[in-house]
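*Asks:* Got coords-v2.cif for you, mmCIF, C-alpha atoms and all ligand atoms:
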```cif
data_query
loop_
_atom_site.label_atom_id
_atom_site.label_comp_id
_atom_site.auth_asym_id
_atom_site.auth_seq_id
_atom_site.Cartn_x
_atom_site.Cartn_y
_atom_site.Cartn_z
CA MET S 1013 92.75 84.72 95.65
CA THR S 1014 96.03 85.47 93.89
CA ASP S 1015 99.42 85.54 95.58
CA LEU S 1016 99.61 89.31 95.22
CA GLU S 1017 96.12 89.76 96.70
CA LEU S 1018 97.22 87.69 99.71
CA CYS S 1019 100.35 89.86 100.03
CA ARG S 1020 98.22 93.00 99.96
CA LEU S 1021 96.04 91.61 102.77
CA ALA S 1022 99.17 90.88 104.81
CA HIS S 1023 100.34 94.43 104.22
CA LYS S 1024 96.97 95.80 105.36
CA ALA S 1025 97.12 93.63 108.49
CA MET S 1026 100.29 95.47 109.58
CA GLU S 1027 98.07 98.46 110.41
CA LYS S 1028 96.71 96.58 113.43
CA ALA S 1029 100.16 95.61 114.80
CA TYR S 1030 100.50 96.39 118.51
CA VAL S 1031 104.18 97.28 118.70
CA PRO S 1032 104.84 99.87 121.44
CA TYR S 1033 108.28 98.39 122.22
CA SER S 1034 109.92 97.62 118.88
CA GLY S 1035 107.94 99.65 116.36
CA PHE S 1036 108.48 96.66 114.04
CA ARG S 1037 105.16 95.96 112.30
CA VAL S 1038 104.34 92.53 110.87
CA GLY S 1039 101.19 91.40 109.05
CA ALA S 1040 100.18 87.95 107.86
CA ALA S 1041 97.38 86.57 105.69
CA LEU S 1042 96.67 82.84 105.79
CA LEU S 1043 94.76 81.16 102.94
CA THR S 1044 92.67 78.08 103.74
CA ALA S 1045 91.92 75.25 101.32
CA ASN S 1046 88.31 76.45 101.08
CA GLY S 1047 89.36 79.95 100.07
CA LYS S 1048 88.98 81.83 103.35
CA VAL S 1049 91.66 84.22 104.58
CA TYR S 1050 92.63 84.79 108.21
CA THR S 1051 94.82 87.80 108.89
CA GLY S 1052 97.06 88.48 111.88
CA CYS S 1053 99.45 91.05 113.29
CA ASN S 1054 102.17 90.95 115.92
CA ILE S 1055 101.02 91.73 119.46
CA GLU S 1056 103.80 92.77 121.84
CA ASN S 1057 103.89 92.62 125.61
CA ALA S 1058 105.76 94.42 128.38
CA SER S 1059 107.10 90.97 129.27
CA TYR S 1060 108.77 90.63 125.86
CA GLY S 1061 108.61 86.84 125.70
CA ALA S 1062 104.82 87.00 125.81
CA THR S 1063 104.79 88.68 122.39
CA ASN S 1064 102.84 86.85 119.67
CA CYS S 1065 104.06 87.01 116.08
CA ALA S 1066 101.73 87.95 113.22
CA GLU S 1067 101.96 84.50 111.63
CA ARG S 1068 100.94 82.71 114.80
CA THR S 1069 98.12 85.19 115.40
CA ALA S 1070 96.71 84.30 111.96
CA ILE S 1071 97.21 80.54 112.40
CA PHE S 1072 95.74 80.47 115.90
CA LYS S 1073 92.74 82.55 114.80
CA ALA S 1074 92.08 80.07 111.99
CA VAL S 1075 92.58 76.91 114.08
CA SER S 1076 90.34 78.31 116.80
CA GLU S 1077 87.61 78.69 114.15
CA GLY S 1078 87.95 75.03 113.17
CA GLU S 1079 90.27 75.46 110.17
CA ARG S 1080 93.21 73.10 109.74
CA ASP S 1081 93.73 72.90 106.00
CA PHE S 1082 96.02 75.65 104.76
CA LEU S 1083 97.51 76.45 101.35
CA ALA S 1084 99.66 79.54 101.84
CA ILE S 1085 100.62 82.41 104.09
CA ALA S 1086 101.75 85.87 103.03
CA ILE S 1087 103.94 87.82 105.44
CA THR S 1088 105.06 91.42 105.32
CA GLY S 1089 106.85 93.52 107.86
CA GLY S 1090 109.50 96.02 108.78
CA GLN S 1091 110.51 98.83 111.08
CA ASP S 1092 107.62 101.31 111.24
CA GLY S 1093 105.94 99.25 108.54
CA ASP S 1094 108.69 99.77 105.95
CA ASP S 1095 108.38 96.63 103.84
CA THR S 1096 111.16 97.41 101.38
CA SER S 1097 112.74 94.05 102.15
CA ALA S 1098 111.27 90.65 102.94
CA CYS S 1099 110.37 89.64 106.52
CA PRO S 1100 111.02 85.88 106.92
CA PRO S 1101 109.12 84.02 109.66
CA CYS S 1102 110.91 83.26 112.93
CA GLY S 1103 111.76 79.72 113.95
CA ILE S 1104 108.84 79.37 116.35
CA CYS S 1105 106.38 80.38 113.62
CA ARG S 1106 107.96 77.90 111.19
CA GLN S 1107 107.50 75.17 113.79
CA VAL S 1108 103.85 76.16 114.31
CA MET S 1109 103.30 76.05 110.54
CA SER S 1110 104.75 72.54 110.48
CA GLU S 1111 102.13 71.41 113.00
CA PHE S 1112 99.29 72.10 110.57
CA CYS S 1113 100.82 72.40 107.10
CA ASP S 1114 102.31 70.04 104.52
CA LYS S 1115 105.85 70.44 103.30
CA ASP S 1116 104.58 72.12 100.12
CA PHE S 1117 102.72 74.83 102.09
CA ARG S 1118 103.63 78.13 100.43
CA ILE S 1119 105.23 81.01 102.32
CA LEU S 1120 105.09 84.32 100.43
CA LEU S 1121 107.35 87.09 101.69
CA GLY S 1122 105.63 90.24 100.47
CA LYS S 1123 107.46 93.46 99.70
CA GLU S 1124 106.73 97.01 98.56
CA HIS S 1125 103.08 97.24 99.68
CA GLY S 1126 102.22 93.82 98.32
CA THR S 1127 103.45 94.50 94.81
CA SER S 1128 106.11 91.76 94.80
CA TYR S 1129 107.07 88.74 96.85
CA ASP S 1130 109.62 85.94 97.30
CA ALA S 1131 108.03 82.48 97.40
CA TYR S 1132 109.22 79.49 99.42
CA THR S 1133 107.81 76.20 100.60
CA LEU S 1134 107.70 75.19 104.25
CA GLU S 1135 110.18 72.44 103.45
CA GLN S 1136 112.63 75.04 102.15
CA LEU S 1137 112.36 77.21 105.28
CA LEU S 1138 112.17 74.35 107.80
CA PRO S 1139 114.17 71.37 106.55
CA ALA S 1140 114.43 68.42 108.93
CA GLY S 1141 111.83 69.94 111.29
CA PHE S 1142 110.79 68.28 114.53
CA VAL S 1143 107.63 66.17 114.40
CA LEU S 1144 105.87 63.72 116.71
CA GLU S 1145 103.61 60.94 115.53
CA LYS S 1146 99.94 61.81 116.19
N1 LIG S 1201 107.79 89.19 114.59
C1 LIG S 1201 106.71 88.64 113.94
O1 LIG S 1201 105.58 89.11 114.10
N2 LIG S 1201 106.92 87.58 113.15
C2 LIG S 1201 108.13 86.98 112.94
O2 LIG S 1201 108.21 85.92 112.32
C3 LIG S 1201 109.34 87.60 113.45
C4 LIG S 1201 109.14 88.69 114.46
C5 LIG S 1201 107.58 90.35 115.47
C6 LIG S 1201 107.78 90.07 116.93
C7 LIG S 1201 108.09 91.45 117.47
O3 LIG S 1201 106.87 92.11 117.78
C8 LIG S 1201 108.74 92.17 116.30
O4 LIG S 1201 108.46 91.38 115.16
C9 LIG S 1201 110.24 92.33 116.44
O5 LIG S 1201 110.85 91.13 116.73
#
```
I'd like the structure from this file rewritten - as C-alpha cells, please.
Ligand code: THU
*Replies:*
Amino acid sequence: MTDLELCRLAHKAMEKAYVPYSGFRVGAALLTANGKVYTGCNIENASYGATNCAERTAIFKAVSEGERDFLAIAITGGQDGDDTSACPPCGICRQVMSEFCDKDFRILLGKEHGTSYDAYTLEQLLPAGFVLEK
C-alpha cells in the first residue's frame, strides 16, 4: 500500500459521508501494521455535537475489530467534497490518534483526488499531548 493509494481510498470514502447539515465531506483511510485498511467518513447528527469525524470512524472501526497497531492515516475532505486543499484533523481526532499511535504515526493530508498529499507525524500535529499511564 503506497501513500498515494491510501490517499485515494480516503478520497473514495468521502462518498459515504453523511453530511446533511454542513455539506463538508471527509474521508479517512487507516493503515494497520499488518497491511489492512479501515476507511471512515464523517457522520453528522441533528444534535451537532454528536457528529463523528471521519478519522474517528476509521479508528473506532479498526479498534472494534481488534486492531491496535497503526502505521498511517490518509485524510481528505472539503466543502461538497472539493479536496483542492488539505483537511487537517481536528483536535479531538488527534487526541484519539495519540491513544493508539506512536509519535511517528504518519498523517497524510490528501489533495486533488488523492494525487498529492502533505505528510506529517503525530508528534508534529500534537506536540505535548495529554497522556495517562496505562
Ligand atoms: N470533520 C471531520 O470529519 N474530521 C475532522 O478532523 C474535522 C471535521 C467533519 C465534522 C463535520 O461533519 C464536518 O467535518 C464539518 O466540521
*Asks:* Enumerate, as JSON, numbers by chain, the protein, DNA and RNA residues whose atoms approach (100.1, 84.2, 113.6) to within 8 Å, taking into account all atoms listed in the file and the coordinate frame of the file.
*Replies:* {"S": [1040, 1051, 1052, 1053, 1054, 1064, 1065, 1066, 1067, 1068, 1069, 1070, 1071, 1072, 1073, 1105]}
*Asks:* Can you write out the residues you just picked, keeping C-alpha atoms, as a compact mmCIF listing (two decimals), in the coordinates of the input?
*Replies:*
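So the final result, stored in result.txt, reads:
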```txt
# COMPACT_ATOMS: atom_id res chain seq x y z
CA ALA S 1040 100.18 87.95 107.86
CA THR S 1051 94.82 87.80 108.89
CA GLY S 1052 97.06 88.48 111.88
CA CYS S 1053 99.45 91.05 113.29
CA ASN S 1054 102.17 90.95 115.92
CA ASN S 1064 102.84 86.85 119.67
CA CYS S 1065 104.06 87.01 116.08
CA ALA S 1066 101.73 87.95 113.22
CA GLU S 1067 101.96 84.50 111.63
CA ARG S 1068 100.94 82.71 114.80
CA THR S 1069 98.12 85.19 115.40
CA ALA S 1070 96.71 84.30 111.96
CA ILE S 1071 97.21 80.54 112.40
CA PHE S 1072 95.74 80.47 115.90
CA LYS S 1073 92.74 82.55 114.80
CA CYS S 1105 106.38 80.38 113.62
```
*Asks:* Which residues are near ligand LIG 1201 (chain S) in this structure, taking near to mean any atom at most 10 Å from a ligand atom and counting all atoms listed in the file? Format them as a PyMOL selection string.
*Replies:* chain S and resi 1026+1029-1040+1052-1057+1060-1069+1087-1091+1099-1106
*Asks:* Rank nothing, just name the residue among S:Ser1128, S:Ser1059, S:Thr1096, S:Asn1046 nearest to S:Arg1080, using all atoms listed in the file.
*Replies:* S:Asn1046
*Asks:* Pick out the closest residue to S:Glu1111 from this set: S:Gly1047, S:Gly1141, S:Gly1093, S:Gly1126. Count only C-alpha atoms.
*Replies:* S:Gly1141
*Asks:* Pick from S:Glu1027, S:Cys1019, S:Leu1043, S:Glu1135: nearest to S:Asp1092, with all atoms listed in the file counted?
*Replies:* S:Glu1027
*Asks:* Calculate how many Å separate atom CA of S:Phe1117 from atom CA of S:Leu1134, rounding to one decimal.
*Replies:*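 Those two atoms sit 5.4 Å apart.
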*Asks:* When you draw a straight line from atom CA of S:Leu1016 to atom CA of S:Ser1076, how long is it in Å?
*Replies:* 25.9 Å
*Asks:* When you count all atoms listed in the file, which of these residues is closest to S:Leu1121: S:Val1108, S:Ala1140, S:Leu1018, S:Val1049?
*Replies:*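 When distances to S:Leu1121 are compared using all atoms listed in the file, the smallest one comes from S:Leu1018.
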*Asks:* Give me, please, the distance in Å between atom CA of S:Ala1098 and atom CA of S:His1023, quoted to one decimal.
*Replies:*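 Separation between atom CA of S:Ala1098 and atom CA of S:His1023: 11.6 Å.
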*Asks:* Which residue gives the smallest distance to S:Phe1142 among S:Met1109, S:Ile1119, S:Leu1042, S:Leu1083, with all atoms listed in the file counted?
*Replies:* S:Met1109
*Asks:* Give me the residues within 6 Å of S:Leu1120 as a list of chain:residue names, counting all atoms listed in the file and dropping any in the same chain fewer than 5 places off.
*Replies:*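 Residues meeting the cut-off are S:Ala1086, S:Asp1130, S:Ala1131.
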*Asks:* For each of S:Leu1021, S:Ala1058, S:Ala1074, S:Ile1085, take the minimum atom-to-atom distance to S:Thr1127, counting all atoms listed in the file, then give the residue where this is smallest.
*Replies:*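 Closest to S:Thr1127, using all atoms listed in the file: S:Leu1021.
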*Asks:* What lies within 8 Å of S:Asp1081 using all atoms listed in the file, ignoring chain neighbours under 6 positions off, as a list in words?
*Replies:*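 Returned residues: Thr1044, Ala1045, Phe1112 and Cys1113 of chain S.
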*Asks:* Mind rebuilding stretch 1127-1143 of chain S with N, CA and C atoms and writing that out as a PDB file, keeping the file's coordinate frame?
*Replies:*
```
ATOM      1  N   THR S1127     103.325  94.456  96.271  1.00  0.00           N
ATOM      2  CA  THR S1127     103.450  94.500  94.810  1.00  0.00           C
ATOM      3  C   THR S1127     104.439  93.447  94.296  1.00  0.00           C
ATOM      4  N   SER S1128     105.220  92.846  95.205  1.00  0.00           N
ATOM      5  CA  SER S1128     106.110  91.760  94.800  1.00  0.00           C
ATOM      6  C   SER S1128     106.325  90.852  96.005  1.00  0.00           C
ATOM      7  N   TYR S1129     106.859  89.678  95.741  1.00  0.00           N
ATOM      8  CA  TYR S1129     107.070  88.740  96.850  1.00  0.00           C
ATOM      9  C   TYR S1129     108.123  87.701  96.450  1.00  0.00           C
ATOM     10  N   ASP S1130     108.734  87.094  97.486  1.00  0.00           N
ATOM     11  CA  ASP S1130     109.620  85.940  97.300  1.00  0.00           C
ATOM     12  C   ASP S1130     108.839  84.731  97.795  1.00  0.00           C
ATOM     13  N   ALA S1131     108.823  83.656  97.034  1.00  0.00           N
ATOM     14  CA  ALA S1131     108.030  82.480  97.400  1.00  0.00           C
ATOM     15  C   ALA S1131     108.920  81.315  97.816  1.00  0.00           C
ATOM     16  N   TYR S1132     108.527  80.673  98.902  1.00  0.00           N
ATOM     17  CA  TYR S1132     109.220  79.490  99.420  1.00  0.00           C
ATOM     18  C   TYR S1132     108.180  78.442  99.785  1.00  0.00           C
ATOM     19  N   THR S1133     108.652  77.222  99.985  1.00  0.00           N
ATOM     20  CA  THR S1133     107.810  76.200 100.600  1.00  0.00           C
ATOM     21  C   THR S1133     108.241  76.046 102.053  1.00  0.00           C
ATOM     22  N   LEU S1134     107.347  75.445 102.846  1.00  0.00           N
ATOM     23  CA  LEU S1134     107.700  75.190 104.250  1.00  0.00           C
ATOM     24  C   LEU S1134     108.939  74.290 104.333  1.00  0.00           C
ATOM     25  N   GLU S1135     109.016  73.337 103.426  1.00  0.00           N
ATOM     26  CA  GLU S1135     110.180  72.440 103.450  1.00  0.00           C
ATOM     27  C   GLU S1135     111.485  73.212 103.228  1.00  0.00           C
ATOM     28  N   GLN S1136     111.419  74.246 102.394  1.00  0.00           N
ATOM     29  CA  GLN S1136     112.630  75.040 102.150  1.00  0.00           C
ATOM     30  C   GLN S1136     113.032  75.838 103.388  1.00  0.00           C
ATOM     31  N   LEU S1137     112.044  76.346 104.126  1.00  0.00           N
ATOM     32  CA  LEU S1137     112.360  77.210 105.280  1.00  0.00           C
ATOM     33  C   LEU S1137     112.487  76.431 106.586  1.00  0.00           C
ATOM     34  N   LEU S1138     112.014  75.175 106.593  1.00  0.00           N
ATOM     35  CA  LEU S1138     112.170  74.350 107.800  1.00  0.00           C
ATOM     36  C   LEU S1138     112.533  72.916 107.407  1.00  0.00           C
ATOM     37  N   PRO S1139     113.754  72.730 106.902  1.00  0.00           N
ATOM     38  CA  PRO S1139     114.170  71.370 106.550  1.00  0.00           C
ATOM     39  C   PRO S1139     114.437  70.576 107.829  1.00  0.00           C
ATOM     40  N   ALA S1140     114.145  69.304 107.795  1.00  0.00           N
ATOM     41  CA  ALA S1140     114.430  68.420 108.930  1.00  0.00           C
ATOM     42  C   ALA S1140     113.779  68.930 110.218  1.00  0.00           C
ATOM     43  N   GLY S1141     112.533  69.416 110.114  1.00  0.00           N
ATOM     44  CA  GLY S1141     111.830  69.940 111.290  1.00  0.00           C
ATOM     45  C   GLY S1141     111.454  68.839 112.270  1.00  0.00           C
ATOM     46  N   PHE S1142     111.170  69.244 113.478  1.00  0.00           N
ATOM     47  CA  PHE S1142     110.790  68.280 114.530  1.00  0.00           C
ATOM     48  C   PHE S1142     109.310  67.921 114.400  1.00  0.00           C
ATOM     49  N   VAL S1143     109.022  66.627 114.424  1.00  0.00           N
ATOM     50  CA  VAL S1143     107.630  66.170 114.400  1.00  0.00           C
ATOM     51  C   VAL S1143     107.448  65.031 115.401  1.00  0.00           C
TER      52      VAL S1143
END
```
